[in-house]
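Visitor: Hey, dropping final_0.pdb in here, PDB, C-alpha atoms:
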```
ATOM      1  CA  MET A 476     -29.094 -55.916 -42.316  1.00  0.00           C
ATOM      2  CA  LYS A 477     -25.542 -57.256 -41.921  1.00  0.00           C
ATOM      3  CA  HIS A 478     -24.818 -60.945 -42.342  1.00  0.00           C
ATOM      4  CA  ILE A 479     -21.971 -61.909 -40.066  1.00  0.00           C
ATOM      5  CA  LYS A 480     -20.256 -65.282 -40.021  1.00  0.00           C
ATOM      6  CA  ILE A 481     -17.646 -66.492 -37.585  1.00  0.00           C
ATOM      7  CA  LEU A 482     -15.611 -69.338 -39.010  1.00  0.00           C
ATOM      8  CA  GLY A 483     -13.896 -71.584 -36.515  1.00  0.00           C
ATOM      9  CA  THR A 484     -13.755 -75.171 -35.431  1.00  0.00           C
ATOM     10  CA  GLY A 485     -14.735 -74.564 -31.827  1.00  0.00           C
ATOM     11  CA  CYS A 486     -11.475 -73.409 -30.308  1.00  0.00           C
ATOM     12  CA  PRO A 487     -11.329 -70.856 -27.454  1.00  0.00           C
ATOM     13  CA  LYS A 488     -10.297 -68.004 -29.781  1.00  0.00           C
ATOM     14  CA  CYS A 489     -13.265 -68.700 -32.029  1.00  0.00           C
ATOM     15  CA  LYS A 490     -15.591 -68.532 -29.032  1.00  0.00           C
ATOM     16  CA  GLN A 491     -13.947 -65.266 -27.968  1.00  0.00           C
ATOM     17  CA  MET A 492     -14.562 -63.790 -31.392  1.00  0.00           C
ATOM     18  CA  GLU A 493     -18.190 -64.896 -31.333  1.00  0.00           C
ATOM     19  CA  ALA A 494     -18.722 -63.331 -27.908  1.00  0.00           C
ATOM     20  CA  ILE A 495     -17.103 -60.042 -28.948  1.00  0.00           C
ATOM     21  CA  VAL A 496     -19.099 -59.829 -32.163  1.00  0.00           C
ATOM     22  CA  LYS A 497     -22.394 -60.510 -30.398  1.00  0.00           C
ATOM     23  CA  GLN A 498     -21.520 -57.962 -27.743  1.00  0.00           C
ATOM     24  CA  VAL A 499     -20.703 -55.285 -30.320  1.00  0.00           C
ATOM     25  CA  VAL A 500     -23.837 -56.012 -32.338  1.00  0.00           C
ATOM     26  CA  ALA A 501     -25.914 -55.580 -29.189  1.00  0.00           C
ATOM     27  CA  GLN A 502     -24.084 -52.363 -28.236  1.00  0.00           C
ATOM     28  CA  LEU A 503     -24.538 -50.838 -31.661  1.00  0.00           C
ATOM     29  CA  GLY A 504     -28.139 -51.966 -31.865  1.00  0.00           C
ATOM     30  CA  ILE A 505     -27.754 -52.809 -35.535  1.00  0.00           C
ATOM     31  CA  GLU A 506     -29.737 -55.381 -37.441  1.00  0.00           C
ATOM     32  CA  ALA A 507     -27.466 -58.332 -38.041  1.00  0.00           C
ATOM     33  CA  THR A 508     -27.453 -62.084 -38.235  1.00  0.00           C
ATOM     34  CA  VAL A 509     -24.545 -63.812 -36.518  1.00  0.00           C
ATOM     35  CA  GLU A 510     -23.801 -67.319 -37.684  1.00  0.00           C
ATOM     36  CA  LYS A 511     -21.117 -69.588 -36.271  1.00  0.00           C
ATOM     37  CA  VAL A 512     -19.687 -71.919 -38.909  1.00  0.00           C
ATOM     38  CA  GLU A 513     -17.857 -74.912 -37.455  1.00  0.00           C
ATOM     39  CA  ASP A 514     -18.020 -77.389 -40.323  1.00  0.00           C
ATOM     40  CA  ILE A 515     -14.533 -77.631 -41.813  1.00  0.00           C
ATOM     41  CA  GLN A 516     -15.830 -78.140 -45.328  1.00  0.00           C
ATOM     42  CA  LYS A 517     -17.975 -74.994 -45.115  1.00  0.00           C
ATOM     43  CA  ILE A 518     -15.063 -73.078 -43.559  1.00  0.00           C
ATOM     44  CA  MET A 519     -12.818 -74.123 -46.411  1.00  0.00           C
ATOM     45  CA  GLU A 520     -15.268 -72.703 -48.946  1.00  0.00           C
ATOM     46  CA  TYR A 521     -13.560 -69.451 -47.927  1.00  0.00           C
ATOM     47  CA  ASN A 522     -10.149 -71.131 -48.396  1.00  0.00           C
ATOM     48  CA  VAL A 523      -8.722 -69.939 -45.085  1.00  0.00           C
ATOM     49  CA  LEU A 524      -6.042 -71.826 -43.198  1.00  0.00           C
ATOM     50  CA  THR A 525      -6.063 -69.806 -40.014  1.00  0.00           C
ATOM     51  CA  THR A 526      -9.095 -69.323 -37.816  1.00  0.00           C
ATOM     52  CA  PRO A 527     -11.050 -67.641 -36.341  1.00  0.00           C
ATOM     53  CA  VAL A 528     -12.287 -65.699 -39.347  1.00  0.00           C
ATOM     54  CA  LEU A 529     -14.782 -62.852 -39.330  1.00  0.00           C
ATOM     55  CA  VAL A 530     -16.893 -62.623 -42.472  1.00  0.00           C
ATOM     56  CA  ILE A 531     -19.211 -59.652 -42.957  1.00  0.00           C
ATOM     57  CA  ASP A 532     -21.574 -59.761 -45.922  1.00  0.00           C
ATOM     58  CA  GLU A 533     -19.452 -62.519 -47.458  1.00  0.00           C
ATOM     59  CA  GLN A 534     -16.240 -60.474 -47.233  1.00  0.00           C
ATOM     60  CA  ILE A 535     -13.364 -61.765 -45.076  1.00  0.00           C
ATOM     61  CA  LYS A 536     -12.517 -58.970 -42.639  1.00  0.00           C
ATOM     62  CA  VAL A 537     -10.379 -60.607 -39.945  1.00  0.00           C
ATOM     63  CA  LYS A 538      -8.378 -63.825 -40.256  1.00  0.00           C
ATOM     64  CA  GLY A 539      -6.472 -65.866 -37.700  1.00  0.00           C
ATOM     65  CA  ARG A 540      -6.840 -63.617 -34.675  1.00  0.00           C
ATOM     66  CA  VAL A 541      -9.350 -62.246 -32.204  1.00  0.00           C
ATOM     67  CA  PRO A 542     -10.143 -58.594 -32.980  1.00  0.00           C
ATOM     68  CA  MET A 543     -10.639 -55.966 -30.311  1.00  0.00           C
ATOM     69  CA  PRO A 544     -14.247 -54.786 -29.854  1.00  0.00           C
ATOM     70  CA  GLU A 545     -13.331 -51.349 -31.265  1.00  0.00           C
ATOM     71  CA  GLU A 546     -12.128 -52.938 -34.482  1.00  0.00           C
ATOM     72  CA  VAL A 547     -15.338 -54.930 -34.829  1.00  0.00           C
ATOM     73  CA  LYS A 548     -17.303 -51.730 -34.206  1.00  0.00           C
ATOM     74  CA  SER A 549     -15.536 -49.914 -37.007  1.00  0.00           C
ATOM     75  CA  LEU A 550     -16.053 -52.859 -39.344  1.00  0.00           C
ATOM     76  CA  LEU A 551     -19.766 -52.893 -38.625  1.00  0.00           C
ATOM     77  CA  GLN A 552     -20.435 -49.159 -38.770  1.00  0.00           C
TER      78      GLN A 552
ATOM     79  CA  MET B 361     -16.741 -71.609 -53.819  1.00  0.00           C
ATOM     80  CA  GLU B 362     -18.136 -75.128 -53.765  1.00  0.00           C
ATOM     81  CA  THR B 363     -15.804 -77.539 -52.008  1.00  0.00           C
ATOM     82  CA  LYS B 364     -15.872 -81.280 -52.590  1.00  0.00           C
ATOM     83  CA  THR B 365     -15.474 -83.575 -49.616  1.00  0.00           C
ATOM     84  CA  ALA B 366     -11.831 -84.413 -48.964  1.00  0.00           C
ATOM     85  CA  VAL B 367     -10.544 -87.954 -49.236  1.00  0.00           C
ATOM     86  CA  GLU B 368      -9.464 -89.154 -45.799  1.00  0.00           C
ATOM     87  CA  ILE B 369      -7.387 -92.255 -45.171  1.00  0.00           C
ATOM     88  CA  CYS B 370      -6.035 -93.960 -42.073  1.00  0.00           C
ATOM     89  CA  PRO B 371      -2.338 -94.338 -41.172  1.00  0.00           C
ATOM     90  CA  THR B 372      -2.226 -97.932 -42.377  1.00  0.00           C
ATOM     91  CA  THR B 373      -3.535 -96.991 -45.792  1.00  0.00           C
ATOM     92  CA  THR B 374      -1.125 -94.063 -45.797  1.00  0.00           C
ATOM     93  CA  GLN B 375       1.777 -96.476 -45.345  1.00  0.00           C
ATOM     94  CA  GLY B 376       0.709 -98.288 -48.484  1.00  0.00           C
ATOM     95  CA  ARG B 377       0.290 -95.069 -50.445  1.00  0.00           C
ATOM     96  CA  VAL B 378       3.768 -93.882 -49.434  1.00  0.00           C
ATOM     97  CA  LYS B 379       5.297 -97.181 -50.504  1.00  0.00           C
ATOM     98  CA  ALA B 380       3.532 -96.717 -53.839  1.00  0.00           C
ATOM     99  CA  GLY B 381       5.195 -93.324 -54.276  1.00  0.00           C
ATOM    100  CA  ALA B 382       2.960 -90.804 -52.530  1.00  0.00           C
ATOM    101  CA  LEU B 383       4.551 -87.778 -50.891  1.00  0.00           C
ATOM    102  CA  LEU B 384       3.769 -87.163 -47.231  1.00  0.00           C
ATOM    103  CA  VAL B 385       3.278 -83.459 -46.456  1.00  0.00           C
ATOM    104  CA  ASP B 386       3.664 -82.665 -42.760  1.00  0.00           C
ATOM    105  CA  VAL B 387       2.009 -79.331 -41.901  1.00  0.00           C
ATOM    106  CA  ARG B 388       3.079 -79.232 -38.252  1.00  0.00           C
ATOM    107  CA  GLU B 389       5.292 -76.378 -37.091  1.00  0.00           C
ATOM    108  CA  ARG B 390       9.071 -76.776 -37.100  1.00  0.00           C
ATOM    109  CA  ASP B 391       9.421 -77.233 -33.334  1.00  0.00           C
ATOM    110  CA  GLU B 392       6.901 -80.055 -33.394  1.00  0.00           C
ATOM    111  CA  VAL B 393       8.760 -81.808 -36.216  1.00  0.00           C
ATOM    112  CA  ALA B 394      12.071 -81.351 -34.403  1.00  0.00           C
ATOM    113  CA  GLN B 395      10.587 -83.169 -31.428  1.00  0.00           C
ATOM    114  CA  LEU B 396       8.991 -86.020 -33.346  1.00  0.00           C
ATOM    115  CA  ALA B 397       9.003 -86.668 -37.085  1.00  0.00           C
ATOM    116  CA  TYR B 398       7.451 -89.201 -39.415  1.00  0.00           C
ATOM    117  CA  ASP B 399      10.205 -91.549 -40.607  1.00  0.00           C
ATOM    118  CA  VAL B 400       9.337 -92.173 -44.245  1.00  0.00           C
ATOM    119  CA  PRO B 401      11.443 -91.638 -47.360  1.00  0.00           C
ATOM    120  CA  ASN B 402       9.130 -89.244 -49.187  1.00  0.00           C
ATOM    121  CA  ILE B 403       8.221 -86.396 -46.866  1.00  0.00           C
ATOM    122  CA  VAL B 404       8.297 -82.601 -46.821  1.00  0.00           C
ATOM    123  CA  ASN B 405       7.501 -80.218 -43.983  1.00  0.00           C
ATOM    124  CA  ILE B 406       5.516 -77.112 -44.831  1.00  0.00           C
ATOM    125  CA  PRO B 407       4.139 -75.674 -41.585  1.00  0.00           C
ATOM    126  CA  LEU B 408       0.552 -74.490 -41.791  1.00  0.00           C
ATOM    127  CA  SER B 409       1.756 -71.008 -40.815  1.00  0.00           C
ATOM    128  CA  GLU B 410       3.814 -70.921 -44.049  1.00  0.00           C
ATOM    129  CA  PHE B 411       1.441 -72.900 -46.186  1.00  0.00           C
ATOM    130  CA  GLU B 412      -0.192 -70.103 -48.175  1.00  0.00           C
ATOM    131  CA  ASN B 413       3.235 -68.865 -49.297  1.00  0.00           C
ATOM    132  CA  ARG B 414       4.789 -72.250 -49.952  1.00  0.00           C
ATOM    133  CA  PHE B 415       2.094 -74.648 -51.170  1.00  0.00           C
ATOM    134  CA  HIS B 416       3.233 -74.106 -54.770  1.00  0.00           C
ATOM    135  CA  GLU B 417       6.395 -76.084 -53.919  1.00  0.00           C
ATOM    136  CA  LEU B 418       4.234 -79.217 -53.923  1.00  0.00           C
ATOM    137  CA  PRO B 419       4.019 -81.245 -57.123  1.00  0.00           C
ATOM    138  CA  LYS B 420       0.680 -81.627 -58.855  1.00  0.00           C
ATOM    139  CA  ASP B 421       1.715 -84.815 -60.630  1.00  0.00           C
ATOM    140  CA  GLN B 422       2.347 -86.862 -57.475  1.00  0.00           C
ATOM    141  CA  GLU B 423      -0.114 -88.186 -54.923  1.00  0.00           C
ATOM    142  CA  LEU B 424       0.015 -86.125 -51.737  1.00  0.00           C
ATOM    143  CA  VAL B 425      -1.004 -87.295 -48.271  1.00  0.00           C
ATOM    144  CA  MET B 426      -1.362 -84.469 -45.760  1.00  0.00           C
ATOM    145  CA  VAL B 427      -0.420 -85.189 -42.143  1.00  0.00           C
ATOM    146  CA  CYS B 428      -0.171 -83.337 -38.823  1.00  0.00           C
ATOM    147  CA  ARG B 429      -0.524 -84.131 -35.135  1.00  0.00           C
ATOM    148  CA  GLY B 430      -4.175 -85.053 -34.872  1.00  0.00           C
ATOM    149  CA  GLY B 431      -5.580 -84.712 -38.371  1.00  0.00           C
ATOM    150  CA  GLY B 432      -7.234 -81.288 -38.054  1.00  0.00           C
ATOM    151  CA  ARG B 433      -4.651 -78.972 -39.545  1.00  0.00           C
ATOM    152  CA  SER B 434      -3.851 -81.396 -42.338  1.00  0.00           C
ATOM    153  CA  LEU B 435      -7.541 -81.545 -43.251  1.00  0.00           C
ATOM    154  CA  LYS B 436      -7.562 -77.761 -43.685  1.00  0.00           C
ATOM    155  CA  ALA B 437      -4.451 -77.985 -45.847  1.00  0.00           C
ATOM    156  CA  THR B 438      -6.060 -80.764 -47.891  1.00  0.00           C
ATOM    157  CA  TYR B 439      -9.065 -78.576 -48.659  1.00  0.00           C
ATOM    158  CA  TYR B 440      -6.792 -75.631 -49.383  1.00  0.00           C
ATOM    159  CA  LEU B 441      -4.880 -77.630 -51.988  1.00  0.00           C
ATOM    160  CA  MET B 442      -8.124 -78.922 -53.504  1.00  0.00           C
ATOM    161  CA  ASN B 443      -9.284 -75.324 -53.841  1.00  0.00           C
ATOM    162  CA  MET B 444      -5.971 -74.503 -55.500  1.00  0.00           C
ATOM    163  CA  GLY B 445      -6.411 -77.139 -58.172  1.00  0.00           C
ATOM    164  CA  TYR B 446      -4.659 -80.154 -56.655  1.00  0.00           C
ATOM    165  CA  ASP B 447      -6.787 -83.196 -57.383  1.00  0.00           C
ATOM    166  CA  ASN B 448      -4.549 -86.002 -56.096  1.00  0.00           C
ATOM    167  CA  VAL B 449      -4.491 -85.182 -52.404  1.00  0.00           C
ATOM    168  CA  ALA B 450      -5.752 -86.993 -49.320  1.00  0.00           C
ATOM    169  CA  ASN B 451      -5.775 -86.312 -45.604  1.00  0.00           C
ATOM    170  CA  MET B 452      -4.422 -88.812 -43.095  1.00  0.00           C
ATOM    171  CA  GLN B 453      -6.867 -89.017 -40.215  1.00  0.00           C
ATOM    172  CA  HIS B 454      -5.728 -88.896 -36.580  1.00  0.00           C
ATOM    173  CA  GLY B 455      -2.214 -87.681 -37.387  1.00  0.00           C
ATOM    174  CA  ILE B 456       1.005 -88.735 -35.773  1.00  0.00           C
ATOM    175  CA  ILE B 457      -0.854 -89.700 -32.611  1.00  0.00           C
ATOM    176  CA  ARG B 458      -2.485 -92.679 -34.319  1.00  0.00           C
ATOM    177  CA  TRP B 459       0.653 -93.265 -36.409  1.00  0.00           C
ATOM    178  CA  VAL B 460       2.665 -93.778 -33.221  1.00  0.00           C
ATOM    179  CA  GLN B 461      -0.058 -95.903 -31.659  1.00  0.00           C
ATOM    180  CA  ARG B 462       0.094 -98.184 -34.704  1.00  0.00           C
ATOM    181  CA  GLY B 463       3.855 -98.545 -34.168  1.00  0.00           C
ATOM    182  CA  PHE B 464       4.763 -96.947 -37.486  1.00  0.00           C
ATOM    183  CA  PRO B 465       8.280 -95.482 -37.831  1.00  0.00           C
ATOM    184  CA  THR B 466       9.132 -92.118 -36.327  1.00  0.00           C
ATOM    185  CA  LYS B 467      12.251 -90.189 -35.425  1.00  0.00           C
ATOM    186  CA  GLY B 468      12.452 -88.490 -32.058  1.00  0.00           C
ATOM    187  CA  ASP B 469      10.558 -88.623 -28.794  1.00  0.00           C
ATOM    188  CA  SER B 470       7.155 -90.230 -29.202  1.00  0.00           C
ATOM    189  CA  SER B 471       6.294 -90.034 -25.522  1.00  0.00           C
ATOM    190  CA  SER B 472       4.684 -86.630 -25.955  1.00  0.00           C
ATOM    191  CA  VAL B 473       1.961 -87.986 -28.205  1.00  0.00           C
ATOM    192  CA  LEU B 474       1.490 -91.203 -26.276  1.00  0.00           C
ATOM    193  CA  VAL B 475       1.197 -89.659 -22.835  1.00  0.00           C
ATOM    194  CA  LYS B 476      -1.159 -86.818 -23.558  1.00  0.00           C
ATOM    195  CA  ASN B 477      -3.590 -85.886 -26.256  1.00  0.00           C
ATOM    196  CA  ASP B 478      -4.431 -82.316 -25.396  1.00  0.00           C
ATOM    197  CA  ASN B 479      -5.083 -79.633 -27.932  1.00  0.00           C
ATOM    198  CA  ALA B 480      -1.693 -78.269 -28.863  1.00  0.00           C
ATOM    199  CA  GLY B 481      -3.015 -75.114 -30.437  1.00  0.00           C
ATOM    200  CA  CYS B 482      -5.915 -73.163 -31.701  1.00  0.00           C
ATOM    201  CA  CYS B 483      -8.470 -74.089 -34.225  1.00  0.00           C
ATOM    202  CA  GLY B 484      -8.367 -77.571 -35.469  1.00  0.00           C
ATOM    203  CA  THR B 485      -4.897 -78.399 -34.317  1.00  0.00           C
ATOM    204  CA  SER B 486      -6.100 -81.690 -32.987  1.00  0.00           C
ATOM    205  CA  ALA B 487      -8.714 -84.056 -34.227  1.00  0.00           C
ATOM    206  CA  PRO B 488     -10.924 -85.756 -31.652  1.00  0.00           C
ATOM    207  CA  ALA B 489      -9.020 -87.819 -29.151  1.00  0.00           C
ATOM    208  CA  ALA B 490      -7.438 -90.861 -30.645  1.00  0.00           C
ATOM    209  CA  LYS B 491      -9.076 -94.029 -29.515  1.00  0.00           C
ATOM    210  CA  SER B 492      -7.264 -97.257 -28.951  1.00  0.00           C
ATOM    211  CA  SER B 493      -9.639 -99.010 -31.306  1.00  0.00           C
ATOM    212  CA  SER B 494      -8.498-100.246 -34.662  1.00  0.00           C
ATOM    213  CA  CYS B 495      -8.224 -97.878 -37.593  1.00  0.00           C
ATOM    214  CA  CYS B 496     -10.198-100.519 -39.446  1.00  0.00           C
ATOM    215  CA  ASP B 497     -13.363 -99.586 -37.550  1.00  0.00           C
ATOM    216  CA  ALA B 498     -14.466 -97.479 -40.480  1.00  0.00           C
ATOM    217  CA  PRO B 499     -13.607 -97.516 -44.148  1.00  0.00           C
ATOM    218  CA  ASN B 500     -11.708 -94.657 -45.696  1.00  0.00           C
ATOM    219  CA  SER B 501     -13.794 -91.766 -46.924  1.00  0.00           C
ATOM    220  CA  ASP B 502     -13.209 -92.760 -50.528  1.00  0.00           C
ATOM    221  CA  GLY B 503     -14.891 -96.071 -49.784  1.00  0.00           C
ATOM    222  CA  SER B 504     -11.771 -98.196 -49.926  1.00  0.00           C
ATOM    223  CA  PRO B 505     -11.146-100.592 -47.064  1.00  0.00           C
ATOM    224  CA  CYS B 506      -8.831 -99.225 -44.419  1.00  0.00           C
ATOM    225  CA  CYS B 507      -6.318-101.941 -43.808  1.00  0.00           C
TER     226      CYS B 507
END
```
Would you mind writing the file's structure down as structure tokens?
Guide:
Amino acid sequence: MKHIKILGTGCPKCKQMEAIVKQVVAQLGIEATVEKVEDIQKIMEYNVLTTPVLVIDEQIKVKGRVPMPEEVKSLLQ
Amino acid sequence: METKTAVEICPTTTQGRVKAGALLVDVRERDEVAQLAYDVPNIVNIPLSEFENRFHELPKDQELVMVCRGGGRSLKATYYLMNMGYDNVANMQHGIIRWVQRGFPTKGDSSSVLVKNDNAGCCGTSAPAAKSSSCCDAPNSDGSPCC
């Protein structure tokens, strides 16, 4: 079971990342939780200045940009 | 990492803090500052895009008030500094938009922030739309009165 978090304050890029991640999770058919974190204080627990951020099992994998679906696939496999 | 809640103050309170010796830290990008800048004696510009590499330029023994356009980016920078061991730092809510609305001093063209209040960039660039109501509607987050 993967625990995925998307950190972002609700901007379009954050929504894009969320959509891509959910799409890839569905395609891969893996067991995963996808949580969107919009609270700035909770986001800053990861001490990141640029969003969106992709966190997989509490590790920051992508920061400040929207990844391509292929990249998310490789991060999840 | 457990993060404490940031201290947030309004532009009027910020004016007082600056007069008392606080340093204003503007985290807007250079082109934004070139267009419209805060006109106070103690100010530095460290754009958020450079912040991770340059935050160490900021003194730890002086009060810092973080500012931006709408209060979103500066709040991130405030938390970042708190996480990096700065304990005398506050965020100015509502940014230069409210600052201009209050008639506080600026250099440059203020029409851009008075005419529109759209989101200038991704991810917390702007705080919620500035209202025309008084900044004294709510106390500062540290409990002190606003004005």
Visitor: Do you know which residues lie at most 6 Å from (-2.9, -74.2, -53.6), with coordinates as in the file and all atoms listed in the file counted, and could you write them as an MDAnalysis selection string?
Guide: chainID B and resid 415 440:441 444
Visitor: How would the residues just picked look written out with C-alpha atoms as a compact mmCIF listing (two decimals), in the coordinates of the input?
Guide:
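part13.txt was written with the following content:
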```txt
# COMPACT_ATOMS: atom_id res chain seq x y z
CA PHE B 415 2.09 -74.65 -51.17
CA TYR B 440 -6.79 -75.63 -49.38
CA LEU B 441 -4.88 -77.63 -51.99
CA MET B 444 -5.97 -74.50 -55.50
```
Visitor: Which residue out of A:Cys486, A:Leu550, A:Ile535, A:Val500 has the minimum interatomic distance to chain B when all atoms listed in the file are used?
Guide: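 For chain B, the nearest of the candidates is A:Cys486.
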Visitor: Would you give me, as a PyMOL selection string, the residues of chain A that come within 8 Å of chain B, using all atoms listed in the file?
Guide: chain A and resi 483-489+515-517+519-527
Visitor: Take the residues just selected and output them with C-alpha atoms as an mmCIF file, keeping the file's coordinate frame.
Guide:
```cif
data_model
loop_
_atom_site.group_PDB
_atom_site.id
_atom_site.type_symbol
_atom_site.label_atom_id
_atom_site.label_comp_id
_atom_site.auth_asym_id
_atom_site.auth_seq_id
_atom_site.Cartn_x
_atom_site.Cartn_y
_atom_site.Cartn_z
ATOM 1 C CA GLY A 483 -13.896 -71.584 -36.515
ATOM 2 C CA THR A 484 -13.755 -75.171 -35.431
ATOM 3 C CA GLY A 485 -14.735 -74.564 -31.827
ATOM 4 C CA CYS A 486 -11.475 -73.409 -30.308
ATOM 5 C CA PRO A 487 -11.329 -70.856 -27.454
ATOM 6 C CA LYS A 488 -10.297 -68.004 -29.781
ATOM 7 C CA CYS A 489 -13.265 -68.700 -32.029
ATOM 8 C CA ILE A 515 -14.533 -77.631 -41.813
ATOM 9 C CA GLN A 516 -15.830 -78.140 -45.328
ATOM 10 C CA LYS A 517 -17.975 -74.994 -45.115
ATOM 11 C CA MET A 519 -12.818 -74.123 -46.411
ATOM 12 C CA GLU A 520 -15.268 -72.703 -48.946
ATOM 13 C CA TYR A 521 -13.560 -69.451 -47.927
ATOM 14 C CA ASN A 522 -10.149 -71.131 -48.396
ATOM 15 C CA VAL A 523 -8.722 -69.939 -45.085
ATOM 16 C CA LEU A 524 -6.042 -71.826 -43.198
ATOM 17 C CA THR A 525 -6.063 -69.806 -40.014
ATOM 18 C CA THR A 526 -9.095 -69.323 -37.816
ATOM 19 C CA PRO A 527 -11.050 -67.641 -36.341
#
```
Visitor: Apply the PyMOL selection byres ((chain A and resi 510) around 7) to the structure shown and report the selected residues as a JSON list (two decimals) with C-alpha atoms, in the frame of the given file.
Guide:
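Output contents, as saved in result_37.json:
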```json
[["chain", "number", "residue", "atom", "x", "y", "z"],
["A", 479, "ILE", "CA", -21.97, -61.91, -40.07],
["A", 480, "LYS", "CA", -20.26, -65.28, -40.02],
["A", 481, "ILE", "CA", -17.65, -66.49, -37.58],
["A", 508, "THR", "CA", -27.45, -62.08, -38.24],
["A", 509, "VAL", "CA", -24.54, -63.81, -36.52],
["A", 511, "LYS", "CA", -21.12, -69.59, -36.27],
["A", 512, "VAL", "CA", -19.69, -71.92, -38.91]]
```
Visitor: Any idea what the distance is between CA of Val473 (chain B) and CA of Val367 (chain B)?
Guide: 24.5 Å
Visitor: Once the PyMOL selection byres ((chain A and resi 503) around 12) is applied to the coordinates I shared, what remains selected? I want it as an mmCIF file with C-alpha atoms, in the frame of the given file.
Guide:
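Output file selection.cif is given in full below:
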```cif
data_model
loop_
_atom_site.group_PDB
_atom_site.id
_atom_site.type_symbol
_atom_site.label_atom_id
_atom_site.label_comp_id
_atom_site.auth_asym_id
_atom_site.auth_seq_id
_atom_site.Cartn_x
_atom_site.Cartn_y
_atom_site.Cartn_z
ATOM 1 C CA VAL A 496 -19.099 -59.829 -32.163
ATOM 2 C CA LYS A 497 -22.394 -60.510 -30.398
ATOM 3 C CA GLN A 498 -21.520 -57.962 -27.743
ATOM 4 C CA VAL A 499 -20.703 -55.285 -30.320
ATOM 5 C CA VAL A 500 -23.837 -56.012 -32.338
ATOM 6 C CA ALA A 501 -25.914 -55.580 -29.189
ATOM 7 C CA GLN A 502 -24.084 -52.363 -28.236
ATOM 8 C CA GLY A 504 -28.139 -51.966 -31.865
ATOM 9 C CA ILE A 505 -27.754 -52.809 -35.535
ATOM 10 C CA GLU A 506 -29.737 -55.381 -37.441
ATOM 11 C CA ALA A 507 -27.466 -58.332 -38.041
ATOM 12 C CA PRO A 544 -14.247 -54.786 -29.854
ATOM 13 C CA GLU A 545 -13.331 -51.349 -31.265
ATOM 14 C CA VAL A 547 -15.338 -54.930 -34.829
ATOM 15 C CA LYS A 548 -17.303 -51.730 -34.206
ATOM 16 C CA SER A 549 -15.536 -49.914 -37.007
ATOM 17 C CA LEU A 550 -16.053 -52.859 -39.344
ATOM 18 C CA LEU A 551 -19.766 -52.893 -38.625
ATOM 19 C CA GLN A 552 -20.435 -49.159 -38.770
#
```
Visitor: To one decimal place in Å, what is the distance between CA of Gly431 (chain B) and CA of Cys370 (chain B)?
Guide: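 These two atoms are separated by 10.0 Å.
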Visitor: For the structure provided, state which residues fall under the PyMOL selection byres ((chain B and resi 462) around 9), and present them as a PyMOL selection string.
Guide: chain B and resi 371-372+457-461+463-464+494-495
Visitor: Could you give me the axis-aligned bounding box of region 401-419 of chain B, with 5 Å of padding per side, as centre plus edge lengths in Å to one decimal, as AutoDock Vina command-line options?
Guide:
```
--center_x 5.6 --center_y -80.3 --center_z -49.0 --size_x 21.6 --size_y 32.8 --size_z 26.3
```
Visitor: How far is it from CA of Lys467 (chain B) to CA of Ala450 (chain B), in Å with one decimal?
Guide: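 Separation of CA of Lys467 (chain B) and CA of Ala450 (chain B): 23.0 Å.
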